[in-house]
Amino acid sequence: MILRILFFAVFGWLLLSWARGRARRARVMPPVAREAQAARASVPMKVCAHCGILLPEPEALRSGDKHYCCAEHRRAGSGQ
Ligand SMILES: [Zn+2]
């Protein structure tokens, strides 16, 4: 009996702290920002070897082990 009470107490506390953390995160971050963060988290980002701009890997142009933001920069190479 005492074990059952203890179990429900721990379970209730876990549920409460989870709900509180969820509510706090929802308040701090608007849904749009959360979606943007999720998108950033799921798509690896690459830095253009020429101008240093950050872009999603699917949009980056590869040349060897380097990534570029556009064909011009790929042609220009990593020289500034
Ligand atoms: Zn570039």
# chains A, B, ... in the order shown; residues from 1 in each chain; ligands from 1

call {"tool": "residues_near_ligand", "arguments": {"ligand": "ligand 1", "cutoff": "7 Å", "atoms": "only C-alpha atoms and all ligand atoms", "output": "PyMOL selection string"}}
result
chain A and resi 48-53+68-70+73

call {"tool": "select_by_dssp", "arguments": {"residues": "stretch 22-72 of chain A", "states": "strand (DSSP E)", "output": "PDB file with C-alpha atoms, in the first residue's frame"}}
result
ATOM      1  CA  MET A  45      24.179  24.038 -42.097  1.00  0.00           C
ATOM      2  CA  LYS A  46      27.291  24.719 -44.175  1.00  0.00           C
ATOM      3  CA  VAL A  47      29.523  27.778 -44.419  1.00  0.00           C
ATOM      4  CA  LEU A  54      25.703  30.145 -43.501  1.00  0.00           C
ATOM      5  CA  LEU A  55      23.333  28.118 -45.680  1.00  0.00           C
ATOM      6  CA  PRO A  56      21.428  24.827 -45.486  1.00  0.00           C
ATOM      7  CA  LEU A  61      27.194  23.766 -53.899  1.00  0.00           C
ATOM      8  CA  ARG A  62      29.931  21.259 -53.206  1.00  0.00           C
ATOM      9  CA  SER A  63      33.426  21.310 -54.599  1.00  0.00           C
ATOM     10  CA  LYS A  66      34.253  22.684 -49.498  1.00  0.00           C
ATOM     11  CA  HIS A  67      30.791  24.207 -49.780  1.00  0.00           C
ATOM     12  CA  TYR A  68      29.755  27.377 -51.600  1.00  0.00           C
TER      13      TYR A  68
END

call {"tool": "select_by_dssp", "arguments": {"residues": "chain A", "states": "helix (DSSP H, G or I)", "output": "MDAnalysis selection string"}}
result
chainID A and resid 2:28 31:42 57:59 71:76

call {"tool": "atom_distance", "arguments": {"atom1": "atom CA of A:Leu6", "atom2": "atom CA of A:Ala23"}}
result
25.7 Å
